[in-house]
Structure formats: structure tokens, C-alpha cells
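A short write-up of the structure that comes next.
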Amino acid sequence: MGKWKAGPGLFLHAFTTVEDPASNYVTARRLRTDIDSQAAQMQIRTWFIDCKEHQCCCALSQDYMLPTRVIEVSPRGSQHARVLETRNMRGVYATLSYCWRNNKFPTLRNSNTARFTLGLNMNALPPTFRDAIATCRTLPIPFL
């Protein structure tokens with residue numbers, strides 16, 4: 001038996017809009033980058049609801065022990081996200097993988113923890129964090 005060698009490949013990604021008659025057969029849609037739009041938020045909610053119905057995704061509706069610190073994305077009575085020390089709280093949360101590099105934004109330190117527990121300056125956060133917080137609010141997932 002000879003060795004199989006991979007040759008050049010062609011990847012075809014087919015997607016269509018909801019309005020297209022082919023959308024009954026081609027169910028993929030263009031990925032949205034306008035996460036603040038109503039259409040994007042509806043798409044995110046639809047994916048989340050679909051995922052919650054999958055047997056392998058059922059963990060989405062369970063409460064887990066929260067990490068030591070999380071970002072509370074919508075504290076009661078406030079529009080500002082804040083850092084929360086969980087002290088063994090349980091809840092639903094999302095995680096964010098992020099490449100820190102040499103970014104010029106405030107990071108959590110012992111010296112600023114008290115300020116960050118009052119609220120985060122969204123304008124000082126990188127776009128990835130702002131998008132993650134907005135997405136958690138859309139779903140709703142209370143912690144990041």
C-alpha cells in the first residue's frame with residue numbers, strides 16, 4: 001500500500017441570505033462583524049437557543065463555580081460592566097481567549113481592583129473585550 005500524499009486543495013464556502021430561495025438548502029450565512037446591530041444580535045440569540053437544544057451543549061444552562069474574578073457584564077441598576085470577586089458564587093459565564101501582547105490598556109492589579117469593582121471604562125478596553133461584553137449582554141450571559 002502506497003503512502004497517501006495531500007495535494008493542493010480547494011475549500012468552497014457556500015452561504016446565502018435568508019431571502020434567497022436557496023436558503024432552504026444552503027443554511028450557512030455570512031458572518032457578521034456588526035455585533036451591535038439588531039440583525040447580529042438576533043443571529044447570536046438564534047445560535048445560542050439552537051445550541052442549548054443540542055445534547056452535547058446542554059452545559060450552557062447549568063450553573064458552575066465561577067472563577068475567582070469575573071466581569072459582571074450588566075450589574076443590577078447599572079449600564080457599566082465591572083469586575084466582581086465571586087467568593088465561591090455559582091453561575092453561567094463565558095470565557096474569552098485573548099492575546100495580550102503589548103496593549104496599552106489598564107490591567108487588573110492590586111492597586112486598581114477597588115476601582116474596577118465599581119465599573120470598567122468601556123472606552124479604555126480593547127474592541128475584543130467590548131465585543132465580548134456586548135455579546136454576553138445579548139444572550140444573556142451574566143459573567144465573562
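Ligands are numbered from 1 in the order shown, chains are lettered A, B, ... in the order of the C-alpha cells, and residues start at 1 in each chain.
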### Task
Would you kindly return, as a list in words, each protein, DNA or RNA residue with an atom no farther than 9 Å from any atom of Met89 (chain A), considering only C-alpha atoms and excluding same-chain residues fewer than 4 positions away?
Tyr64, Met65, Leu66, Pro67, Thr68 and Glu85 of chain A
How about saving the chosen residues, all heavy atoms kept, as an mmCIF file, in the first residue's frame?
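Written out: part_24.cif:
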```
data_model
loop_
_atom_site.group_PDB
_atom_site.id
_atom_site.type_symbol
_atom_site.label_atom_id
_atom_site.label_comp_id
_atom_site.auth_asym_id
_atom_site.auth_seq_id
_atom_site.Cartn_x
_atom_site.Cartn_y
_atom_site.Cartn_z
ATOM 1 N N TYR A 64 -22.195 26.837 37.211
ATOM 2 C CA TYR A 64 -20.909 26.285 37.621
ATOM 3 C C TYR A 64 -20.274 27.197 38.639
ATOM 4 O O TYR A 64 -20.639 28.372 38.761
ATOM 5 C CB TYR A 64 -19.974 26.169 36.400
ATOM 6 C CG TYR A 64 -20.398 25.098 35.438
ATOM 7 C CD1 TYR A 64 -21.138 25.405 34.304
ATOM 8 C CD2 TYR A 64 -20.075 23.767 35.668
ATOM 9 C CE1 TYR A 64 -21.527 24.426 33.420
ATOM 10 C CE2 TYR A 64 -20.468 22.778 34.790
ATOM 11 C CZ TYR A 64 -21.189 23.105 33.669
ATOM 12 O OH TYR A 64 -21.586 22.128 32.801
ATOM 13 N N MET A 65 -19.283 26.691 39.341
ATOM 14 C CA MET A 65 -18.498 27.522 40.241
ATOM 15 C C MET A 65 -17.788 28.561 39.373
ATOM 16 O O MET A 65 -17.128 28.217 38.399
ATOM 17 C CB MET A 65 -17.471 26.673 40.989
ATOM 18 C CG MET A 65 -16.703 27.435 42.029
ATOM 19 S SD MET A 65 -17.687 27.881 43.466
ATOM 20 C CE MET A 65 -18.012 26.298 44.171
ATOM 21 N N LEU A 66 -17.972 29.822 39.707
ATOM 22 C CA LEU A 66 -17.359 30.883 38.927
ATOM 23 C C LEU A 66 -15.874 31.003 39.249
ATOM 24 O O LEU A 66 -15.453 30.688 40.367
ATOM 25 C CB LEU A 66 -18.051 32.221 39.214
ATOM 26 C CG LEU A 66 -19.505 32.347 38.774
ATOM 27 C CD1 LEU A 66 -20.089 33.663 39.272
ATOM 28 C CD2 LEU A 66 -19.633 32.236 37.272
ATOM 29 N N PRO A 67 -15.082 31.487 38.292
ATOM 30 C CA PRO A 67 -13.679 31.773 38.594
ATOM 31 C C PRO A 67 -13.579 32.807 39.711
ATOM 32 O O PRO A 67 -14.560 33.460 40.054
ATOM 33 C CB PRO A 67 -13.152 32.354 37.276
ATOM 34 C CG PRO A 67 -14.093 31.876 36.227
ATOM 35 C CD PRO A 67 -15.431 31.757 36.905
ATOM 36 N N THR A 68 -12.397 32.991 40.253
ATOM 37 C CA THR A 68 -12.184 33.912 41.373
ATOM 38 C C THR A 68 -12.668 35.319 41.064
ATOM 39 O O THR A 68 -13.281 35.977 41.895
ATOM 40 C CB THR A 68 -10.685 33.957 41.744
ATOM 41 O OG1 THR A 68 -10.256 32.617 41.991
ATOM 42 C CG2 THR A 68 -10.443 34.808 42.961
ATOM 43 N N GLU A 85 -15.481 39.978 42.461
ATOM 44 C CA GLU A 85 -14.826 38.877 43.166
ATOM 45 C C GLU A 85 -15.924 37.931 43.601
ATOM 46 O O GLU A 85 -16.821 38.310 44.349
ATOM 47 C CB GLU A 85 -14.024 39.416 44.347
ATOM 48 C CG GLU A 85 -12.900 40.315 43.862
ATOM 49 C CD GLU A 85 -11.706 40.331 44.780
ATOM 50 O OE1 GLU A 85 -11.546 39.399 45.584
ATOM 51 O OE2 GLU A 85 -10.931 41.294 44.663
#
```
### Backbone-only DSSP, helix (DSSP H, G or I) members of region 93-135 of chain A, as JSON, numbers by chain
{"A": [113, 114, 115, 116, 117, 118, 122, 123, 124, 127, 128, 129, 130, 131, 132, 133, 134, 135]}
Mind dumping the selected residues with N, CA and C atoms as a PDB file, in the first residue's frame?
```pdb
ATOM      1  N   THR A 113      -7.927  47.267  41.824  1.00  0.00           N
ATOM      2  CA  THR A 113      -9.055  46.346  41.950  1.00  0.00           C
ATOM      3  C   THR A 113     -10.304  47.059  42.452  1.00  0.00           C
ATOM      4  N   ALA A 114     -10.168  47.901  43.461  1.00  0.00           N
ATOM      5  CA  ALA A 114     -11.332  48.597  44.017  1.00  0.00           C
ATOM      6  C   ALA A 114     -12.008  49.465  42.954  1.00  0.00           C
ATOM      7  N   ARG A 115     -11.221  50.141  42.126  1.00  0.00           N
ATOM      8  CA  ARG A 115     -11.784  50.999  41.068  1.00  0.00           C
ATOM      9  C   ARG A 115     -12.514  50.152  40.028  1.00  0.00           C
ATOM     10  N   PHE A 116     -11.934  49.001  39.649  1.00  0.00           N
ATOM     11  CA  PHE A 116     -12.553  48.148  38.639  1.00  0.00           C
ATOM     12  C   PHE A 116     -13.817  47.456  39.152  1.00  0.00           C
ATOM     13  N   THR A 117     -13.939  47.284  40.469  1.00  0.00           N
ATOM     14  CA  THR A 117     -15.168  46.687  41.006  1.00  0.00           C
ATOM     15  C   THR A 117     -16.321  47.687  40.982  1.00  0.00           C
ATOM     16  N   LEU A 118     -16.015  48.977  40.865  1.00  0.00           N
ATOM     17  CA  LEU A 118     -17.059  49.996  40.730  1.00  0.00           C
ATOM     18  C   LEU A 118     -17.560  50.094  39.299  1.00  0.00           C
ATOM     19  N   MET A 122     -15.432  51.383  29.414  1.00  0.00           N
ATOM     20  CA  MET A 122     -15.528  50.598  28.186  1.00  0.00           C
ATOM     21  C   MET A 122     -14.649  51.177  27.085  1.00  0.00           C
ATOM     22  N   ASN A 123     -14.474  52.478  27.053  1.00  0.00           N
ATOM     23  CA  ASN A 123     -13.639  53.096  26.019  1.00  0.00           C
ATOM     24  C   ASN A 123     -12.170  52.744  26.183  1.00  0.00           C
ATOM     25  N   ALA A 124     -11.761  52.371  27.388  1.00  0.00           N
ATOM     26  CA  ALA A 124     -10.364  52.014  27.628  1.00  0.00           C
ATOM     27  C   ALA A 124     -10.085  50.547  27.313  1.00  0.00           C
ATOM     28  N   PRO A 127     -11.264  46.438  21.663  1.00  0.00           N
ATOM     29  CA  PRO A 127     -12.508  46.067  20.987  1.00  0.00           C
ATOM     30  C   PRO A 127     -12.946  44.626  21.254  1.00  0.00           C
ATOM     31  N   THR A 128     -12.010  43.713  21.395  1.00  0.00           N
ATOM     32  CA  THR A 128     -12.366  42.316  21.660  1.00  0.00           C
ATOM     33  C   THR A 128     -13.138  42.193  22.964  1.00  0.00           C
ATOM     34  N   PHE A 129     -12.714  42.904  23.993  1.00  0.00           N
ATOM     35  CA  PHE A 129     -13.411  42.869  25.276  1.00  0.00           C
ATOM     36  C   PHE A 129     -14.782  43.531  25.169  1.00  0.00           C
ATOM     37  N   ARG A 130     -14.839  44.675  24.495  1.00  0.00           N
ATOM     38  CA  ARG A 130     -16.133  45.353  24.330  1.00  0.00           C
ATOM     39  C   ARG A 130     -17.116  44.459  23.578  1.00  0.00           C
ATOM     40  N   ASP A 131     -16.639  43.792  22.529  1.00  0.00           N
ATOM     41  CA  ASP A 131     -17.498  42.886  21.758  1.00  0.00           C
ATOM     42  C   ASP A 131     -17.952  41.696  22.603  1.00  0.00           C
ATOM     43  N   ALA A 132     -17.049  41.136  23.409  1.00  0.00           N
ATOM     44  CA  ALA A 132     -17.410  40.005  24.261  1.00  0.00           C
ATOM     45  C   ALA A 132     -18.455  40.406  25.296  1.00  0.00           C
ATOM     46  N   ILE A 133     -18.303  41.569  25.882  1.00  0.00           N
ATOM     47  CA  ILE A 133     -19.282  42.060  26.867  1.00  0.00           C
ATOM     48  C   ILE A 133     -20.630  42.285  26.193  1.00  0.00           C
ATOM     49  N   ALA A 134     -20.622  42.899  25.018  1.00  0.00           N
ATOM     50  CA  ALA A 134     -21.878  43.131  24.284  1.00  0.00           C
ATOM     51  C   ALA A 134     -22.553  41.813  23.925  1.00  0.00           C
ATOM     52  N   THR A 135     -21.778  40.826  23.533  1.00  0.00           N
ATOM     53  CA  THR A 135     -22.337  39.522  23.180  1.00  0.00           C
ATOM     54  C   THR A 135     -22.938  38.839  24.402  1.00  0.00           C
TER      55      THR A 135
END
```
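If you look at CA of Cys136 (chain A) and CA of Arg90 (chain A), they are 16.6 Å away from each other.
For chain A, a DSSP pass over the backbone yields strand (DSSP E or B) at A:Tyr64, A:Met65, A:Arg69, A:Val70, A:Ile71, A:Glu72, A:Arg82, A:Val83, A:Leu84, A:Glu85, A:Arg90, A:Gly91, A:Tyr93, A:Phe143.
For the pair CA of Arg87 (chain A) and CA of Val73 (chain A), the separation is 17.3 Å.
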### Query
For Gln38 (chain A), which of A:Thr138, A:Arg69, A:Leu144, A:His54 is the closest residue, counting only C-alpha atoms?
A:Thr138
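One distance worth recording is that between CA of Ile35 (chain A) and CA of Cys51 (chain A), which is 18.6 Å.
Of the listed residues A:Cys56, A:Leu139, A:Ala28, A:Val83, the one whose atoms come nearest to Arg109 (chain A) is A:Val83, with distances taken using only C-alpha atoms.
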